Amino acid sequence: MVHGTLVLDVGAGGGLLTRALADAGARVLAVELDPSALRQLRTRFGDDRRVEVVAGDATSVALPREPFAVVANLPFAAGTAILRRLLGDPRVPLTQLDAIVEWGLAAKRTAVWPSTVLGCAWGAWYDLRLVRRVPRACFAPPPGVEAAVMRATRRTDPLVPPGEARDYVAVLRRAFAAQAPLDRVLPRGVVHRLALEHGFDPHATARDLDARQWAALYAAVRPATRRPRAAEPRRRRGSRR
């Protein structure tokens with residue numbers, strides 16, 4: 001980690017990760033909702049200029065405007081909602097996320113197949129990886145499910161232009177909701193041509209394509225950008241139409 005990097009510790013709890021991040025040279029925003037944990041954080045880091053304790057819900061708290069990373073043990077119940085907030089909008093200046101989440105969530109969103117709307121959407125701007133399994137015995141008290149470390153690293157070259165995020169997700173949702181072969185949902189000729197070029201079955205369904213294949217298909221079918229209307233020439237004074 002580069003010294004001075006801004007890092008969010010989301011769901012900071014008593015500050016175990018917060019302390020490790022600060023000692024590694026990060027500037028830390030420790031986000032916590034629970035009043036008891038907030039008191040612990042403020043007592044522990046009240047005089048530490050490297051740490052700012054933020055009271056708030058991670059699904060709605062204001063995010064930094066400058067580039068930042070996330071290192072966190074996310075609350076399992078809110079894992080997907082928090083990840084939507086962080087990864088769903090490419091305008092958010094997130095550079096990298098390393099988060100402990102429920103195993104099923106990490107496995108589903110990082111899977112090459114079958115793909116999901118969220119996995120393909122987030123994968124357009126981030127390289128998504130399941131880094132490792134975290135056994136239940138590592139937690140106190142142990143949760144009822146296994147956990148994993150999920151990593152998202154911003155792509156230097158996004159697969160889809162960030163300004164087209166809304167259109168891209170709309171195409172994904174339409175195709176996944178149809179639950180039909182893509183050549184019945186999108187232009188048949190385009191699907192068959194892209195299938196040959198990018199190595200997927202021309203009769204595949206939406207879940208059979210990975211993020212790169214989806215980005216290529218979207219580029220071929222995306223809505224035409226509207227051209228701005230040409231300004232009307234000014235009329236001379238006294239002229240009539």
# chains A, B, ... in the order shown; residues from 1 in each chain; ligands from 1

$ select_by_dssp --residues "chain A" --states "strand (DSSP E or B)" --output "MDAnalysis selection string"
chainID A and resid 6:10 27:32 51:55 68:73 94:102 126:134 147:154

$ write_last_selection --atoms "N, CA and C atoms" --output "compact mmCIF listing (two decimals), in the first residue's frame"
# COMPACT_ATOMS: atom_id res chain seq x y z
N LEU A 6 -5.71 6.90 0.80
CA LEU A 6 -6.97 7.01 1.54
C LEU A 6 -7.69 5.67 1.47
N VAL A 7 -8.03 5.11 2.65
CA VAL A 7 -8.64 3.79 2.71
C VAL A 7 -9.90 3.85 3.58
N LEU A 8 -10.97 3.25 3.09
CA LEU A 8 -12.19 3.11 3.87
C LEU A 8 -12.18 1.75 4.56
N ASP A 9 -12.38 1.76 5.86
CA ASP A 9 -12.62 0.54 6.62
C ASP A 9 -14.11 0.55 6.92
N VAL A 10 -14.86 -0.18 6.12
CA VAL A 10 -16.32 -0.16 6.20
C VAL A 10 -16.79 -1.19 7.21
N ARG A 27 -4.24 6.71 5.29
CA ARG A 27 -5.19 7.63 5.91
C ARG A 27 -6.52 6.88 5.93
N VAL A 28 -7.08 6.69 7.10
CA VAL A 28 -8.22 5.78 7.23
C VAL A 28 -9.50 6.52 7.58
N LEU A 29 -10.56 6.19 6.84
CA LEU A 29 -11.91 6.57 7.23
C LEU A 29 -12.57 5.32 7.78
N ALA A 30 -12.80 5.30 9.08
CA ALA A 30 -13.41 4.15 9.74
C ALA A 30 -14.91 4.38 9.84
N VAL A 31 -15.68 3.67 9.04
CA VAL A 31 -17.12 3.86 8.96
C VAL A 31 -17.81 2.82 9.83
N GLU A 32 -18.66 3.28 10.75
CA GLU A 32 -19.34 2.36 11.66
C GLU A 32 -20.71 2.92 12.02
N VAL A 51 -6.54 8.73 11.41
CA VAL A 51 -7.84 8.06 11.40
C VAL A 51 -8.95 9.07 11.61
N GLU A 52 -9.98 8.98 10.77
CA GLU A 52 -11.21 9.75 10.97
C GLU A 52 -12.35 8.77 11.15
N VAL A 53 -13.02 8.86 12.27
CA VAL A 53 -14.15 7.98 12.55
C VAL A 53 -15.43 8.62 12.00
N VAL A 54 -16.16 7.85 11.19
CA VAL A 54 -17.36 8.36 10.54
C VAL A 54 -18.55 7.53 11.00
N ALA A 55 -19.54 8.19 11.59
CA ALA A 55 -20.77 7.51 12.01
C ALA A 55 -21.73 7.48 10.82
N PHE A 68 -9.71 6.42 -3.71
CA PHE A 68 -9.61 5.72 -2.42
C PHE A 68 -9.68 4.22 -2.64
N ALA A 69 -9.23 3.50 -1.63
CA ALA A 69 -9.33 2.04 -1.60
C ALA A 69 -10.26 1.63 -0.47
N VAL A 70 -10.69 0.38 -0.50
CA VAL A 70 -11.51 -0.17 0.57
C VAL A 70 -10.85 -1.44 1.07
N VAL A 71 -10.65 -1.53 2.37
CA VAL A 71 -10.21 -2.76 3.03
C VAL A 71 -11.17 -2.95 4.19
N ALA A 72 -11.96 -4.02 4.15
CA ALA A 72 -13.03 -4.11 5.14
C ALA A 72 -13.52 -5.53 5.32
N ASN A 73 -14.09 -5.75 6.49
CA ASN A 73 -14.84 -6.97 6.79
C ASN A 73 -16.31 -6.56 6.74
N LEU A 94 -13.15 4.69 -6.77
CA LEU A 94 -12.58 3.55 -6.06
C LEU A 94 -11.47 2.94 -6.91
N THR A 95 -10.30 2.73 -6.31
CA THR A 95 -9.17 2.14 -7.04
C THR A 95 -9.06 0.64 -6.82
N GLN A 96 -9.30 0.20 -5.59
CA GLN A 96 -9.23 -1.23 -5.28
C GLN A 96 -10.05 -1.53 -4.04
N LEU A 97 -10.65 -2.69 -4.05
CA LEU A 97 -11.42 -3.17 -2.89
C LEU A 97 -10.92 -4.54 -2.50
N ASP A 98 -10.64 -4.73 -1.23
CA ASP A 98 -10.36 -6.04 -0.65
C ASP A 98 -11.31 -6.20 0.53
N ALA A 99 -12.28 -7.08 0.39
CA ALA A 99 -13.32 -7.18 1.40
C ALA A 99 -13.61 -8.64 1.75
N ILE A 100 -13.80 -8.85 3.04
CA ILE A 100 -14.29 -10.15 3.50
C ILE A 100 -15.80 -10.14 3.39
N VAL A 101 -16.33 -11.08 2.63
CA VAL A 101 -17.77 -11.18 2.41
C VAL A 101 -18.19 -12.64 2.55
N GLU A 102 -19.47 -12.86 2.52
CA GLU A 102 -19.99 -14.24 2.55
C GLU A 102 -19.46 -15.00 1.33
N TYR A 126 -13.98 -3.25 -13.32
CA TYR A 126 -13.09 -3.82 -12.31
C TYR A 126 -12.75 -5.26 -12.67
N ASP A 127 -11.52 -5.64 -12.36
CA ASP A 127 -11.12 -7.04 -12.42
C ASP A 127 -11.54 -7.67 -11.10
N LEU A 128 -12.46 -8.62 -11.15
CA LEU A 128 -13.02 -9.23 -9.94
C LEU A 128 -12.37 -10.58 -9.68
N ARG A 129 -11.94 -10.79 -8.44
CA ARG A 129 -11.29 -12.05 -8.10
C ARG A 129 -11.73 -12.53 -6.72
N LEU A 130 -11.84 -13.84 -6.60
CA LEU A 130 -12.02 -14.48 -5.30
C LEU A 130 -10.61 -14.87 -4.84
N VAL A 131 -10.12 -14.21 -3.82
CA VAL A 131 -8.72 -14.36 -3.43
C VAL A 131 -8.48 -15.59 -2.58
N ARG A 132 -9.32 -15.75 -1.54
CA ARG A 132 -9.13 -16.91 -0.67
C ARG A 132 -10.38 -17.17 0.17
N ARG A 133 -10.48 -18.37 0.67
CA ARG A 133 -11.54 -18.76 1.60
C ARG A 133 -11.13 -18.35 3.01
N VAL A 134 -12.10 -17.90 3.79
CA VAL A 134 -11.87 -17.55 5.19
C VAL A 134 -12.77 -18.44 6.04
N ALA A 147 -16.72 -17.66 4.65
CA ALA A 147 -16.45 -16.33 4.11
C ALA A 147 -15.32 -16.42 3.09
N ALA A 148 -15.10 -15.29 2.41
CA ALA A 148 -14.04 -15.22 1.41
C ALA A 148 -13.52 -13.80 1.32
N VAL A 149 -12.30 -13.65 0.82
CA VAL A 149 -11.78 -12.34 0.48
C VAL A 149 -12.05 -12.12 -1.00
N MET A 150 -12.79 -11.08 -1.30
CA MET A 150 -13.10 -10.70 -2.67
C MET A 150 -12.32 -9.44 -3.01
N ARG A 151 -11.69 -9.44 -4.19
CA ARG A 151 -10.90 -8.28 -4.62
C ARG A 151 -11.46 -7.71 -5.91
N ALA A 152 -11.54 -6.39 -5.97
CA ALA A 152 -11.92 -5.68 -7.19
C ALA A 152 -10.87 -4.62 -7.47
N THR A 153 -10.21 -4.72 -8.62
CA THR A 153 -9.17 -3.77 -8.99
C THR A 153 -9.61 -3.01 -10.23
N ARG A 154 -9.61 -1.70 -10.16
CA ARG A 154 -10.09 -0.90 -11.29
C ARG A 154 -9.23 -1.17 -12.53

$ closest_atom_pairs --of "stretch 176-233 of chain A" --to "stretch 103-119 of chain A" --cutoff "6 Å" --atoms "only C-alpha atoms" --output "JSON lines"
{"residue": "A:Arg207", "atom": "CA", "partner": "A:Ser115", "partner_atom": "CA", "distance": 4.6}
{"residue": "A:Asp208", "atom": "CA", "partner": "A:Pro114", "partner_atom": "CA", "distance": 5.9}
{"residue": "A:Asp210", "atom": "CA", "partner": "A:Val112", "partner_atom": "CA", "distance": 5.7}

$ closest_residue --among "A:Gly189, A:Gly13, A:Gly144, A:Gly123" --to "A:Asp89" --atoms "only C-alpha atoms"
A:Gly123

$ atom_distance --atom1 "atom CA of A:Thr205" --atom2 "atom CA of A:Arg188"
12.7 Å

$ closest_residue --among "A:Ala204, A:Thr5, A:Pro143, A:Tyr218" --to "A:Gln179" --atoms "only C-alpha atoms"
A:Ala204

$ select_by_dssp --residues "stretch 48-169 of chain A" --states "helix (DSSP H, G or I)" --output "number ranges by chain"
A: 76-87, 103-110, 117-123, 136-138, 162-169

$ atom_distance --atom1 "atom CA of A:Gly15" --atom2 "atom CA of A:Glu66"
23.0 Å

$ atom_distance --atom1 "atom CA of A:Leu21" --atom2 "atom CA of A:Phe76"
21.4 Å

$ closest_residue --among "A:Val191, A:Glu146, A:Arg85, A:Val169" --to "A:Ala62" --atoms "only C-alpha atoms"
A:Arg85

$ residues_around --residues "A:His3" --least-positions-apart "6" --cutoff "10 Å" --atoms "only C-alpha atoms" --output "PyMOL selection string"
chain A and resi 22+24-27

$ residues_around --residues "A:Val185" --least-positions-apart "3" --cutoff "12 Å" --atoms "only C-alpha atoms" --output "ChimeraX atom specification"
/A:171-182,188-191,203-206,221

$ decode --residues "stretch 13-84 of chain A" --atoms "C-alpha atoms" --output "PDB file, in the first residue's frame"
ATOM      1  CA  GLY A  13     -16.155  -2.487  14.528  1.00  0.00           C
ATOM      2  CA  GLY A  14     -13.602  -2.154  17.314  1.00  0.00           C
ATOM      3  CA  GLY A  15     -10.873  -0.981  14.942  1.00  0.00           C
ATOM      4  CA  LEU A  16      -8.684  -4.052  14.396  1.00  0.00           C
ATOM      5  CA  LEU A  17      -8.305  -3.399  10.659  1.00  0.00           C
ATOM      6  CA  THR A  18      -8.262   0.350  11.228  1.00  0.00           C
ATOM      7  CA  ARG A  19      -5.178   0.050  13.432  1.00  0.00           C
ATOM      8  CA  ALA A  20      -3.378  -2.194  10.932  1.00  0.00           C
ATOM      9  CA  LEU A  21      -4.141   0.163   8.044  1.00  0.00           C
ATOM     10  CA  ALA A  22      -3.013   3.255   9.938  1.00  0.00           C
ATOM     11  CA  ASP A  23       0.198   1.532  11.035  1.00  0.00           C
ATOM     12  CA  ALA A  24       0.822   0.647   7.368  1.00  0.00           C
ATOM     13  CA  GLY A  25       0.743   4.340   6.494  1.00  0.00           C
ATOM     14  CA  ALA A  26      -2.808   4.767   5.222  1.00  0.00           C
ATOM     15  CA  ARG A  27      -5.186   7.630   5.907  1.00  0.00           C
ATOM     16  CA  VAL A  28      -8.217   5.779   7.225  1.00  0.00           C
ATOM     17  CA  LEU A  29     -11.914   6.569   7.229  1.00  0.00           C
ATOM     18  CA  ALA A  30     -13.406   4.149   9.744  1.00  0.00           C
ATOM     19  CA  VAL A  31     -17.123   3.860   8.964  1.00  0.00           C
ATOM     20  CA  GLU A  32     -19.342   2.358  11.664  1.00  0.00           C
ATOM     21  CA  LEU A  33     -23.045   2.424  12.512  1.00  0.00           C
ATOM     22  CA  ASP A  34     -23.211   0.633  15.861  1.00  0.00           C
ATOM     23  CA  PRO A  35     -23.108   3.148  18.792  1.00  0.00           C
ATOM     24  CA  SER A  36     -21.062   0.862  21.037  1.00  0.00           C
ATOM     25  CA  ALA A  37     -18.440   0.251  18.353  1.00  0.00           C
ATOM     26  CA  LEU A  38     -18.354   3.974  17.574  1.00  0.00           C
ATOM     27  CA  ARG A  39     -17.497   4.739  21.192  1.00  0.00           C
ATOM     28  CA  GLN A  40     -14.648   2.225  21.057  1.00  0.00           C
ATOM     29  CA  LEU A  41     -13.328   3.715  17.825  1.00  0.00           C
ATOM     30  CA  ARG A  42     -13.447   7.274  19.137  1.00  0.00           C
ATOM     31  CA  THR A  43     -11.740   6.276  22.371  1.00  0.00           C
ATOM     32  CA  ARG A  44      -9.063   4.321  20.535  1.00  0.00           C
ATOM     33  CA  PHE A  45      -8.354   6.775  17.699  1.00  0.00           C
ATOM     34  CA  GLY A  46      -9.516  10.120  19.045  1.00  0.00           C
ATOM     35  CA  ASP A  47      -5.972  11.545  19.053  1.00  0.00           C
ATOM     36  CA  ASP A  48      -4.754   9.736  15.938  1.00  0.00           C
ATOM     37  CA  ARG A  49      -4.588  12.133  12.993  1.00  0.00           C
ATOM     38  CA  ARG A  50      -4.306   9.219  10.581  1.00  0.00           C
ATOM     39  CA  VAL A  51      -7.835   8.060  11.398  1.00  0.00           C
ATOM     40  CA  GLU A  52     -11.205   9.749  10.966  1.00  0.00           C
ATOM     41  CA  VAL A  53     -14.153   7.979  12.553  1.00  0.00           C
ATOM     42  CA  VAL A  54     -17.362   8.358  10.543  1.00  0.00           C
ATOM     43  CA  ALA A  55     -20.772   7.507  12.008  1.00  0.00           C
ATOM     44  CA  GLY A  56     -23.043   6.223   9.294  1.00  0.00           C
ATOM     45  CA  ASP A  57     -24.576   3.424   7.270  1.00  0.00           C
ATOM     46  CA  ALA A  58     -22.164   2.101   4.648  1.00  0.00           C
ATOM     47  CA  THR A  59     -25.005   1.819   2.141  1.00  0.00           C
ATOM     48  CA  SER A  60     -25.644   5.566   2.244  1.00  0.00           C
ATOM     49  CA  VAL A  61     -22.654   7.376   3.799  1.00  0.00           C
ATOM     50  CA  ALA A  62     -20.977   9.966   1.565  1.00  0.00           C
ATOM     51  CA  LEU A  63     -18.064   8.503  -0.377  1.00  0.00           C
ATOM     52  CA  PRO A  64     -14.760  10.345  -0.934  1.00  0.00           C
ATOM     53  CA  ARG A  65     -14.366  12.439  -4.059  1.00  0.00           C
ATOM     54  CA  GLU A  66     -10.661  11.657  -4.293  1.00  0.00           C
ATOM     55  CA  PRO A  67      -9.300   8.219  -5.266  1.00  0.00           C
ATOM     56  CA  PHE A  68      -9.614   5.722  -2.423  1.00  0.00           C
ATOM     57  CA  ALA A  69      -9.326   2.039  -1.603  1.00  0.00           C
ATOM     58  CA  VAL A  70     -11.506  -0.167   0.570  1.00  0.00           C
ATOM     59  CA  VAL A  71     -10.206  -2.762   3.031  1.00  0.00           C
ATOM     60  CA  ALA A  72     -13.032  -4.105   5.135  1.00  0.00           C
ATOM     61  CA  ASN A  73     -14.837  -6.966   6.795  1.00  0.00           C
ATOM     62  CA  LEU A  74     -18.289  -6.217   5.400  1.00  0.00           C
ATOM     63  CA  PRO A  75     -21.442  -7.042   7.366  1.00  0.00           C
ATOM     64  CA  PHE A  76     -22.743 -10.189   5.689  1.00  0.00           C
ATOM     65  CA  ALA A  77     -26.362  -9.029   5.742  1.00  0.00           C
ATOM     66  CA  ALA A  78     -25.514  -5.854   3.826  1.00  0.00           C
ATOM     67  CA  GLY A  79     -22.668  -7.158   1.666  1.00  0.00           C
ATOM     68  CA  THR A  80     -24.412  -6.934  -1.697  1.00  0.00           C
ATOM     69  CA  ALA A  81     -25.918  -3.512  -0.975  1.00  0.00           C
ATOM     70  CA  ILE A  82     -22.519  -2.098   0.018  1.00  0.00           C
ATOM     71  CA  LEU A  83     -20.815  -3.590  -3.038  1.00  0.00           C
ATOM     72  CA  ARG A  84     -23.518  -2.131  -5.288  1.00  0.00           C
TER      73      ARG A  84
END
